[in-house]
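Colleague: upload-v7.txt (compact mmCIF, C-alpha atoms and all ligand atoms) pasted underneath:
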# COMPACT_ATOMS: atom_id res chain seq x y z
CA MET E 95 -35.73 29.74 10.78
CA SER E 96 -34.56 29.28 14.36
CA GLU E 97 -32.46 31.78 16.26
CA LYS E 98 -29.42 29.51 15.85
CA GLU E 99 -29.64 29.41 12.07
CA LYS E 100 -29.81 33.16 11.76
CA GLU E 101 -26.34 33.59 13.20
CA ASN E 102 -23.71 34.30 10.57
CA VAL E 103 -21.26 31.46 10.18
CA THR E 104 -17.79 32.64 9.23
CA GLU E 105 -14.86 30.76 7.75
CA GLU E 106 -12.79 31.86 10.74
CA ALA E 107 -15.21 30.17 13.12
CA VAL E 108 -15.18 26.97 11.07
CA MET E 109 -11.39 26.93 10.93
CA ALA E 110 -11.16 27.65 14.64
CA ALA E 111 -13.39 24.64 15.32
CA LEU E 112 -11.32 22.43 13.02
CA SER E 113 -8.11 23.54 14.68
CA GLU E 114 -9.37 21.66 17.74
CA VAL E 115 -9.49 18.38 15.79
CA GLN E 116 -6.39 16.21 15.91
CA GLU E 117 -4.99 14.01 13.16
CA PRO E 118 -4.57 10.94 15.35
CA GLU E 119 -1.35 9.68 13.75
CA LEU E 120 0.42 12.93 12.94
CA HIS E 121 -0.27 14.38 16.40
CA ASN E 122 -1.22 17.82 15.23
CA ASP E 123 -4.49 19.52 14.35
CA LEU E 124 -6.11 19.52 10.92
CA VAL E 125 -5.59 23.25 10.37
CA SER E 126 -1.91 23.36 11.37
CA LEU E 127 -1.29 20.39 9.10
CA ASN E 128 -2.88 22.33 6.22
CA MET E 129 -5.42 19.57 5.71
CA ILE E 130 -8.49 21.78 5.23
CA ARG E 131 -9.44 23.12 1.80
CA ASP E 132 -12.48 24.63 0.06
CA VAL E 133 -14.51 25.80 3.01
CA LYS E 134 -17.93 26.78 1.67
CA ILE E 135 -20.61 28.41 3.75
CA GLU E 136 -24.17 28.95 2.57
CA GLY E 137 -26.37 30.16 5.36
CA GLY E 138 -25.98 27.44 7.99
CA GLU E 139 -24.71 24.85 5.54
CA VAL E 140 -20.98 24.25 5.75
CA SER E 141 -18.88 22.06 3.53
CA PHE E 142 -15.13 21.56 3.41
CA THR E 143 -12.54 19.14 2.10
CA VAL E 144 -10.11 17.25 4.31
CA VAL E 145 -6.90 16.46 2.42
CA LEU E 146 -5.51 13.21 3.80
CA THR E 147 -1.95 11.95 3.45
CA THR E 148 -3.35 8.77 1.90
CA PRO E 149 -6.76 7.91 0.49
CA ALA E 150 -6.26 4.57 2.29
CA CYS E 151 -6.20 6.33 5.67
CA PRO E 152 -7.42 3.79 8.24
CA LEU E 153 -8.63 6.58 10.55
CA LYS E 154 -10.66 8.42 7.91
CA HIS E 155 -13.98 7.71 9.66
CA GLN E 156 -12.69 8.92 12.99
CA ILE E 157 -11.39 12.13 11.42
CA GLU E 158 -14.69 12.64 9.61
CA ARG E 159 -16.71 12.13 12.78
CA GLU E 160 -14.62 14.47 14.87
CA ALA E 161 -14.45 17.17 12.18
CA ARG E 162 -18.21 16.98 11.70
CA GLN E 163 -18.89 17.24 15.43
CA ALA E 164 -16.54 20.18 15.85
CA VAL E 165 -18.10 22.19 13.02
CA ALA E 166 -21.65 21.24 13.95
CA ALA E 167 -21.04 22.85 17.34
CA VAL E 168 -20.28 26.26 15.75
CA PRO E 169 -23.23 28.59 16.41
CA GLY E 170 -25.41 28.97 13.31
CA VAL E 171 -24.33 25.76 11.60
CA SER E 172 -27.26 23.64 10.44
CA SER E 173 -25.51 21.01 8.34
CA VAL E 174 -21.96 19.81 7.75
CA ASN E 175 -20.70 18.14 4.59
CA VAL E 176 -17.22 16.62 4.91
CA LEU E 177 -15.48 15.81 1.62
CA PHE E 178 -12.19 13.98 1.24
CA ASP E 179 -9.22 14.30 -1.02
CA ALA E 180 -5.69 13.00 -0.65
CA ASN E 181 -2.20 14.17 -1.45
CA VAL E 182 0.18 11.31 -0.75
CA PRO E 183 3.52 12.63 0.46
CA SER E 184 6.76 11.19 -0.76
CA ASP E 185 9.37 10.60 1.89
CA GLY E 186 12.07 12.34 -0.08
CA ARG E 187 13.99 9.12 -0.49
CA GLN E 188 12.30 9.04 -3.88
CA ARG E 189 14.52 11.78 -5.16
CA GLY E 190 16.64 8.94 -6.44
CA LEU E 191 18.78 8.71 -9.47
CA LEU E 192 15.93 8.40 -11.90
CA GLN E 193 13.69 11.24 -10.71
CA LEU E 194 10.48 9.34 -11.45
CA PRO E 195 7.03 10.62 -10.50
CA ILE E 196 6.60 7.64 -8.18
CA ARG E 197 5.93 8.95 -4.71
CA ASN E 198 6.48 5.76 -2.76
CA ALA E 199 7.85 2.35 -3.70
CA ILE E 200 7.13 -0.53 -1.33
CA ALA E 201 8.95 -3.85 -1.65
CA ILE E 202 7.29 -7.10 -0.65
CA GLY E 203 9.93 -9.69 0.19
CA SER E 204 10.30 -13.09 1.76
CA GLY E 205 13.08 -15.48 2.59
CA LYS E 206 11.86 -17.99 0.07
CA GLY E 207 9.14 -18.69 -2.44
CA GLY E 208 5.74 -20.20 -1.80
CA VAL E 209 4.91 -18.21 1.32
CA GLY E 210 2.36 -15.90 -0.30
CA LYS E 211 4.53 -12.96 -1.22
CA SER E 212 2.85 -12.41 -4.58
CA THR E 213 -0.58 -12.94 -3.05
CA VAL E 214 0.10 -10.23 -0.49
CA ALA E 215 1.58 -7.90 -3.13
CA VAL E 216 -1.41 -8.30 -5.47
CA ASN E 217 -4.06 -7.80 -2.83
CA ILE E 218 -2.34 -4.84 -1.19
CA ALA E 219 -2.08 -3.17 -4.59
CA VAL E 220 -5.76 -3.77 -5.30
CA VAL E 221 -6.89 -2.51 -1.88
CA LEU E 222 -4.88 0.69 -2.27
CA ALA E 223 -6.24 1.25 -5.79
CA GLN E 224 -9.79 0.74 -4.51
CA THR E 225 -9.33 3.61 -2.08
CA GLY E 226 -8.54 5.87 -5.04
CA ALA E 227 -4.74 5.85 -4.85
CA ARG E 228 -2.72 5.64 -8.06
CA VAL E 229 -1.04 2.28 -7.83
CA GLY E 230 1.50 0.30 -9.86
CA LEU E 231 2.48 -3.32 -9.30
CA LEU E 232 5.92 -4.37 -10.48
CA ASP E 233 6.63 -8.07 -10.63
CA ALA E 234 10.38 -8.25 -10.20
CA ASP E 235 10.31 -11.92 -9.24
CA ILE E 236 12.49 -13.33 -11.99
CA TYR E 237 12.23 -16.87 -10.62
CA GLY E 238 8.46 -16.94 -10.50
CA PRO E 239 6.76 -14.07 -12.30
CA ASN E 240 3.21 -14.98 -11.28
CA ILE E 241 1.65 -11.55 -11.16
CA PRO E 242 0.15 -11.62 -14.70
CA THR E 243 -1.73 -14.85 -13.86
CA MET E 244 -2.82 -13.60 -10.46
CA MET E 245 -4.08 -10.31 -11.93
CA GLY E 246 -5.66 -12.02 -14.95
CA VAL E 247 -3.66 -10.11 -17.55
CA ARG E 248 -1.98 -11.92 -20.40
CA GLN E 249 -0.10 -9.28 -22.34
CA LEU E 250 0.90 -5.69 -22.46
CA PRO E 251 -0.86 -3.11 -24.60
CA PRO E 252 1.23 -1.90 -27.56
CA PRO E 253 4.15 0.36 -26.60
CA LYS E 254 3.64 4.09 -26.96
CA ASP E 255 6.22 6.75 -27.77
CA GLY E 256 9.04 4.27 -27.31
CA LYS E 257 7.90 3.22 -23.85
CA LEU E 258 6.27 0.08 -22.54
CA VAL E 259 2.69 0.63 -21.39
CA PRO E 260 1.73 -1.33 -18.27
CA ALA E 261 -1.27 -3.65 -18.40
CA GLU E 262 -4.14 -2.60 -16.17
CA ALA E 263 -6.33 -4.72 -13.91
CA TYR E 264 -8.57 -3.79 -10.98
CA GLY E 265 -7.34 -0.21 -11.27
CA VAL E 266 -3.69 -1.26 -10.86
CA LYS E 267 -0.98 -0.73 -13.49
CA VAL E 268 0.86 -4.02 -13.88
CA MET E 269 4.32 -4.76 -15.25
CA SER E 270 6.06 -8.10 -15.05
CA ILE E 271 9.16 -9.80 -16.23
CA GLY E 272 6.70 -12.50 -17.26
CA PHE E 273 5.37 -10.29 -20.09
CA LEU E 274 8.81 -10.03 -21.60
CA VAL E 275 9.99 -13.63 -21.58
CA LYS E 276 8.32 -16.57 -23.27
CA TYR E 277 6.15 -18.80 -21.11
CA ASN E 278 8.14 -21.82 -19.84
CA GLN E 279 11.40 -20.46 -21.21
CA PRO E 280 14.07 -21.20 -18.61
CA LEU E 281 15.38 -18.04 -17.04
CA ILE E 282 19.01 -17.72 -16.20
CA TRP E 283 19.83 -14.34 -14.82
CA ARG E 284 23.22 -12.91 -14.32
CA GLY E 285 23.61 -9.96 -12.00
CA PRO E 286 24.09 -7.29 -14.70
CA MET E 287 21.11 -8.60 -16.69
CA LEU E 288 18.89 -8.46 -13.66
CA HIS E 289 20.11 -4.99 -12.84
CA SER E 290 19.40 -3.64 -16.31
CA ALA E 291 16.01 -5.39 -16.44
CA ILE E 292 14.95 -3.76 -13.21
CA ARG E 293 16.22 -0.41 -14.32
CA GLN E 294 14.29 -0.74 -17.56
CA PHE E 295 11.15 -1.50 -15.61
CA LEU E 296 11.50 1.92 -14.13
CA THR E 297 12.88 4.00 -17.00
CA ASP E 298 11.27 2.37 -20.04
CA VAL E 299 7.78 1.92 -18.62
CA ASP E 300 5.20 4.66 -18.79
CA TRP E 301 3.96 4.39 -15.20
CA GLY E 302 2.58 7.92 -15.14
CA GLU E 303 2.28 9.47 -11.72
CA LEU E 304 1.94 6.91 -8.93
CA ASP E 305 1.22 7.24 -5.23
CA TYR E 306 2.43 3.70 -4.60
CA LEU E 307 4.50 1.26 -6.58
CA ILE E 308 4.26 -2.19 -5.01
CA VAL E 309 7.24 -4.38 -5.94
CA ASP E 310 7.09 -8.17 -5.72
CA LEU E 311 10.73 -9.04 -5.06
CA PRO E 312 12.32 -12.35 -5.92
CA PRO E 313 12.90 -14.43 -2.79
CA GLY E 314 16.30 -14.99 -1.32
CA THR E 315 19.27 -12.94 -2.41
CA GLY E 316 19.20 -9.19 -2.30
CA ASP E 317 20.22 -8.63 -5.94
CA ALA E 318 16.90 -7.27 -7.13
CA ALA E 319 16.40 -5.18 -4.02
CA LEU E 320 19.88 -3.76 -4.44
CA SER E 321 19.21 -2.85 -8.08
CA LEU E 322 15.96 -1.20 -7.08
CA THR E 323 17.52 0.85 -4.33
CA GLN E 324 20.16 2.05 -6.73
CA SER E 325 17.50 3.34 -9.13
CA LEU E 326 14.57 4.26 -6.96
CA PRO E 327 15.03 4.38 -3.22
CA LEU E 328 12.37 2.31 -1.55
CA SER E 329 10.07 3.88 1.04
CA GLY E 330 9.79 0.59 2.87
CA GLY E 331 9.82 -3.16 2.78
CA VAL E 332 7.35 -5.76 4.04
CA ILE E 333 8.37 -9.33 4.87
CA VAL E 334 5.94 -12.20 4.36
CA THR E 335 6.51 -15.41 6.30
CA LEU E 336 4.77 -18.60 7.33
CA PRO E 337 4.47 -19.28 11.06
CA GLN E 338 6.93 -22.18 11.27
CA GLN E 339 10.53 -21.89 12.34
CA VAL E 340 12.19 -22.75 9.03
CA SER E 341 10.24 -20.04 7.27
CA LEU E 342 11.04 -17.60 10.08
CA ASP E 343 14.76 -18.25 9.67
CA ASP E 344 14.44 -17.32 6.01
CA ALA E 345 12.31 -14.31 6.84
CA LEU E 346 14.95 -13.09 9.26
CA ARG E 347 17.46 -13.10 6.42
CA GLY E 348 15.01 -11.09 4.34
CA LEU E 349 14.64 -8.58 7.15
CA GLU E 350 18.38 -8.26 7.49
CA MET E 351 18.70 -7.70 3.77
CA PHE E 352 16.27 -4.77 3.98
CA LYS E 353 18.19 -3.34 6.90
CA GLU E 354 21.53 -3.69 5.14
CA LEU E 355 20.17 -1.87 2.12
CA ASN E 356 18.82 0.84 4.36
CA ILE E 357 15.22 0.09 3.42
CA PRO E 358 12.91 0.93 6.34
CA VAL E 359 11.11 -2.24 7.43
CA LEU E 360 7.37 -1.57 7.56
CA GLY E 361 6.64 -4.88 9.21
CA VAL E 362 6.05 -8.60 9.06
CA VAL E 363 2.96 -10.34 7.65
CA GLU E 364 2.30 -13.92 8.70
CA ASN E 365 0.52 -15.86 5.98
CA MET E 366 -1.31 -19.19 6.18
CA SER E 367 -1.53 -18.67 9.92
CA PHE E 368 -4.38 -21.05 10.60
CA LEU E 369 -7.27 -22.85 9.00
CA GLU E 370 -10.72 -22.17 10.32
CA LEU E 371 -12.67 -25.42 10.53
CA PRO E 372 -16.42 -25.62 9.87
CA ASP E 373 -17.10 -25.81 13.63
CA GLY E 374 -15.30 -22.46 14.11
CA THR E 375 -12.17 -23.85 15.73
CA ARG E 376 -8.75 -22.98 14.39
CA MET E 377 -6.22 -25.48 13.18
CA ASP E 378 -2.62 -24.29 13.25
CA ILE E 379 -1.24 -26.18 10.28
CA PHE E 380 2.14 -24.49 10.25
CA GLY E 381 2.34 -23.66 13.94
CA SER E 382 1.27 -20.29 15.23
CA GLY E 383 2.48 -16.91 16.35
CA GLY E 384 5.89 -17.18 14.69
CA GLY E 385 5.50 -14.02 12.64
CA GLU E 386 4.56 -12.03 15.69
CA ARG E 387 7.50 -13.40 17.67
CA LEU E 388 9.87 -12.56 14.81
CA ALA E 389 8.51 -9.01 14.67
CA LYS E 390 8.94 -8.57 18.43
CA ARG E 391 12.42 -9.98 18.45
CA THR E 392 13.61 -7.75 15.62
CA GLY E 393 11.76 -4.67 16.80
CA VAL E 394 9.56 -4.25 13.74
CA ALA E 395 5.79 -3.99 13.46
CA PHE E 396 3.59 -7.06 13.15
CA LEU E 397 1.12 -6.18 10.40
CA GLY E 398 -1.27 -9.10 10.53
CA ALA E 399 -1.98 -12.83 10.36
CA ILE E 400 -3.68 -14.09 7.20
CA PRO E 401 -5.61 -17.35 7.55
CA ILE E 402 -5.50 -20.21 5.03
CA ASP E 403 -8.45 -20.06 2.69
CA PRO E 404 -8.81 -22.23 -0.45
CA THR E 405 -10.55 -19.37 -2.28
CA VAL E 406 -7.22 -17.48 -2.22
CA ARG E 407 -5.56 -20.16 -4.31
CA GLU E 408 -8.56 -20.67 -6.61
CA GLY E 409 -8.82 -16.96 -7.31
CA SER E 410 -5.13 -16.45 -7.90
CA ASP E 411 -5.13 -19.19 -10.54
CA ARG E 412 -8.08 -17.47 -12.23
CA GLY E 413 -6.75 -13.95 -12.08
CA LEU E 414 -9.17 -12.93 -9.35
CA PRO E 415 -7.57 -11.45 -6.20
CA VAL E 416 -9.41 -12.52 -3.06
CA VAL E 417 -10.17 -8.93 -2.04
CA ILE E 418 -12.21 -8.72 -5.27
CA SER E 419 -13.79 -12.19 -5.26
CA HIS E 420 -14.52 -12.44 -1.51
CA PRO E 421 -14.19 -8.94 -0.04
CA GLU E 422 -15.99 -9.92 3.17
CA SER E 423 -13.91 -13.01 3.93
CA PRO E 424 -11.58 -12.98 6.97
CA VAL E 425 -8.55 -13.18 4.61
CA SER E 426 -9.68 -10.08 2.74
CA GLN E 427 -10.37 -8.21 5.94
CA VAL E 428 -6.84 -8.82 7.18
CA LEU E 429 -5.39 -7.84 3.79
CA ASP E 430 -7.46 -4.65 3.84
CA ILE E 431 -6.12 -3.70 7.27
CA VAL E 432 -2.54 -4.58 6.29
CA ALA E 433 -2.70 -2.46 3.10
CA LYS E 434 -4.10 0.57 4.92
CA ASP E 435 -1.66 0.17 7.77
CA ILE E 436 1.24 0.16 5.31
CA ALA E 437 -0.10 3.30 3.61
CA ALA E 438 -0.49 5.02 6.98
CA LYS E 439 3.03 4.07 8.08
CA ILE E 440 4.49 5.42 4.84
CA SER E 441 2.59 8.71 5.26
CA VAL E 442 3.60 9.13 8.86
CA ALA E 443 7.25 8.52 7.95
CA ALA E 444 7.04 10.96 5.04
CA MET E 445 5.38 13.64 7.19
CA LYS E 446 8.01 13.40 9.91
CA GLY E 447 10.30 15.74 8.03
CA SER E 448 7.63 18.35 7.30
CA ASN E 449 4.84 19.66 9.46
CA PHE E 450 2.09 20.26 6.94
CA ILE E 451 0.70 18.97 3.66
CA PRO E 452 1.92 21.13 0.79
CA ILE E 453 -0.66 22.26 -1.78
CA ASP E 454 1.12 20.36 -4.53
CA LEU E 455 4.01 18.02 -4.08
CA VAL E 456 5.18 17.44 -7.63
N1 LIG X 1 -3.66 -17.44 2.82
C1 LIG X 1 -3.66 -18.32 1.83
N2 LIG X 1 -4.59 -19.35 1.80
C2 LIG X 1 -4.60 -20.25 0.79
N3 LIG X 1 -3.73 -20.26 -0.22
C3 LIG X 1 -2.79 -19.27 -0.26
C4 LIG X 1 -2.71 -18.28 0.76
N4 LIG X 1 -1.69 -17.45 0.45
C5 LIG X 1 -1.15 -17.90 -0.69
N5 LIG X 1 -1.81 -19.00 -1.13
C6 LIG X 1 -1.50 -19.81 -2.31
O1 LIG X 1 -0.22 -20.37 -2.12
C7 LIG X 1 0.53 -20.38 -3.31
C8 LIG X 1 1.83 -19.58 -3.11
O2 LIG X 1 1.52 -18.21 -2.92
P1 LIG X 1 2.33 -17.07 -3.69
O3 LIG X 1 1.69 -15.78 -3.38
O4 LIG X 1 2.48 -17.44 -5.13
O5 LIG X 1 3.74 -17.19 -2.94
P2 LIG X 1 5.17 -16.57 -3.30
O6 LIG X 1 4.96 -15.37 -4.15
O7 LIG X 1 5.76 -16.27 -1.96
O8 LIG X 1 5.91 -17.65 -4.00
C9 LIG X 1 -0.39 -19.79 -4.38
O9 LIG X 1 -1.03 -20.82 -5.06
C10 LIG X 1 -1.39 -18.98 -3.57
O10 LIG X 1 -2.64 -18.88 -4.24
MG MG X 2 5.57 -15.11 -6.13
In structure tokens, write the structure found in this file.
Modeller:
Amino acid sequence: MSEKEKENVTEEAVMAALSEVQEPELHNDLVSLNMIRDVKIEGGEVSFTVVLTTPACPLKHQIEREARQAVAAVPGVSSVNVLFDANVPSDGRQRGLLQLPIRNAIAIGSGKGGVGKSTVAVNIAVVLAQTGARVGLLDADIYGPNIPTMMGVRQLPPPKDGKLVPAEAYGVKVMSIGFLVKYNQPLIWRGPMLHSAIRQFLTDVDWGELDYLIVDLPPGTGDAALSLTQSLPLSGGVIVTLPQQVSLDDALRGLEMFKELNIPVLGVVENMSFLELPDGTRMDIFGSGGGERLAKRTGVAFLGAIPIDPTVREGSDRGLPVVISHPESPVSQVLDIVAKDIAAKISVAAMKGSNFIPIDLV
């Protein structure tokens, strides 16, 4: 045993080292934020758990590296084992009328259909579930309930204790208006019907505890979003658009709808941005940069540009989200970044009101 290893490592010394490590987005140190749990010291071997505000934290590796370095520099430490856990904060808006154990609801909207709203909703939900978050996906698109097809689920399991049980696919709990109406039955929705349907999706469905509920909104009018906000305040909304002007005009209306309903806008995603040709050049089928310009002009974040990729369409027809079928593809990489960015933005907003992570939030 070397001289260094003989020194007694104390929990105080470990905590002092970790109090020098910053959480890059919350602008405070890991100890002040109450992010460190279960410090164990055996001789020179130190292990501890870092409790993140989201398991989808995009800066997890940076935090791990810096925490490891800081503790490794404590005299007597021979090895450092950094474990992770997460406690997703709720922004408090969730203390809505229904008092559901859903910590954050995120609406995915667009000005009109066919821009990839459901595709973005599905893949974001799957990415978040893959990180270990508890995720629900609510298909509230009464005009085109495509989520069951895209997630490859045909029907709901039998109801339990008088409640609907969501289907489950890729670790995501799925509920859709499509499960409740007959295939190819024309849907005519009046405002009160839509309102009660959406409310039932929240009250009569056994979601269990969720970190994130991703909601695929119907395009256009704000009826569904309004019903949602009256039942379960939304933590944020994301707008999906194509790059061309006509789609941007619609997207702007979507953005304004979120603002009117007091739903914080998390940002704009531009879909079908470009097609990469076999020689590596990019073809801007629908123009380019429109989503980014819209974001700039309206003062919201630009979350990412998703290329056109035929495998997206093939997979969604077969119930296979692209982040599952082609996780390494450029499309999936953008979707991965977008999902984690959304989770981070929600956490940062939720943490603004408090200055540490409570031991238990519910
Ligand atoms: N980036 C993309 N590349 C290729 N096809 C896409 C892409 N995004 C969406 N699609 C396809 O375009 C169609 C419309 O997308 P969808 O998500 O259903 O739009 P919305 O929900 O806005 O109506 C679907 O067939 C989908 O698979
Ligand atoms: Mg759709």
Colleague: Please find the residues contacting ligand LIG 1 (chain X) at a distance of at most 8 Å between atoms, with all atoms listed in the file counted, and report them as a ChimeraX atom specification.
Modeller: /E:204,206-215,238,240,310,313,334,365-367,400-411,425
Colleague: Which is closest to E:Val442 among E:Pro358, E:Gly265, E:Gly137, E:Pro183, if we use only C-alpha atoms?
Modeller: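 The shortest atom-to-atom distance to E:Val442 comes from E:Pro183.
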Colleague: Could you tell me how far atom CA of E:Gly385 lies from atom CA of E:Ser423, in Å and to one decimal?
Modeller: 21.3 Å
Colleague: Residues within 7 Å of (-4.8, 17.7, -0.6), file coordinates, counting only C-alpha atoms: what are they? Give the list as a PyMOL selection string.
Modeller: chain E and resi 129+145-146+179-181+453
Colleague: Hey, which of E:Leu360, E:Gly205, E:Ala167, E:Gly384 ends up closest to E:Gly316? Count all atoms listed in the file.
Modeller: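 Between E:Leu360, E:Gly205, E:Ala167, E:Gly384, the residue approaching E:Gly316 most closely is E:Gly205.
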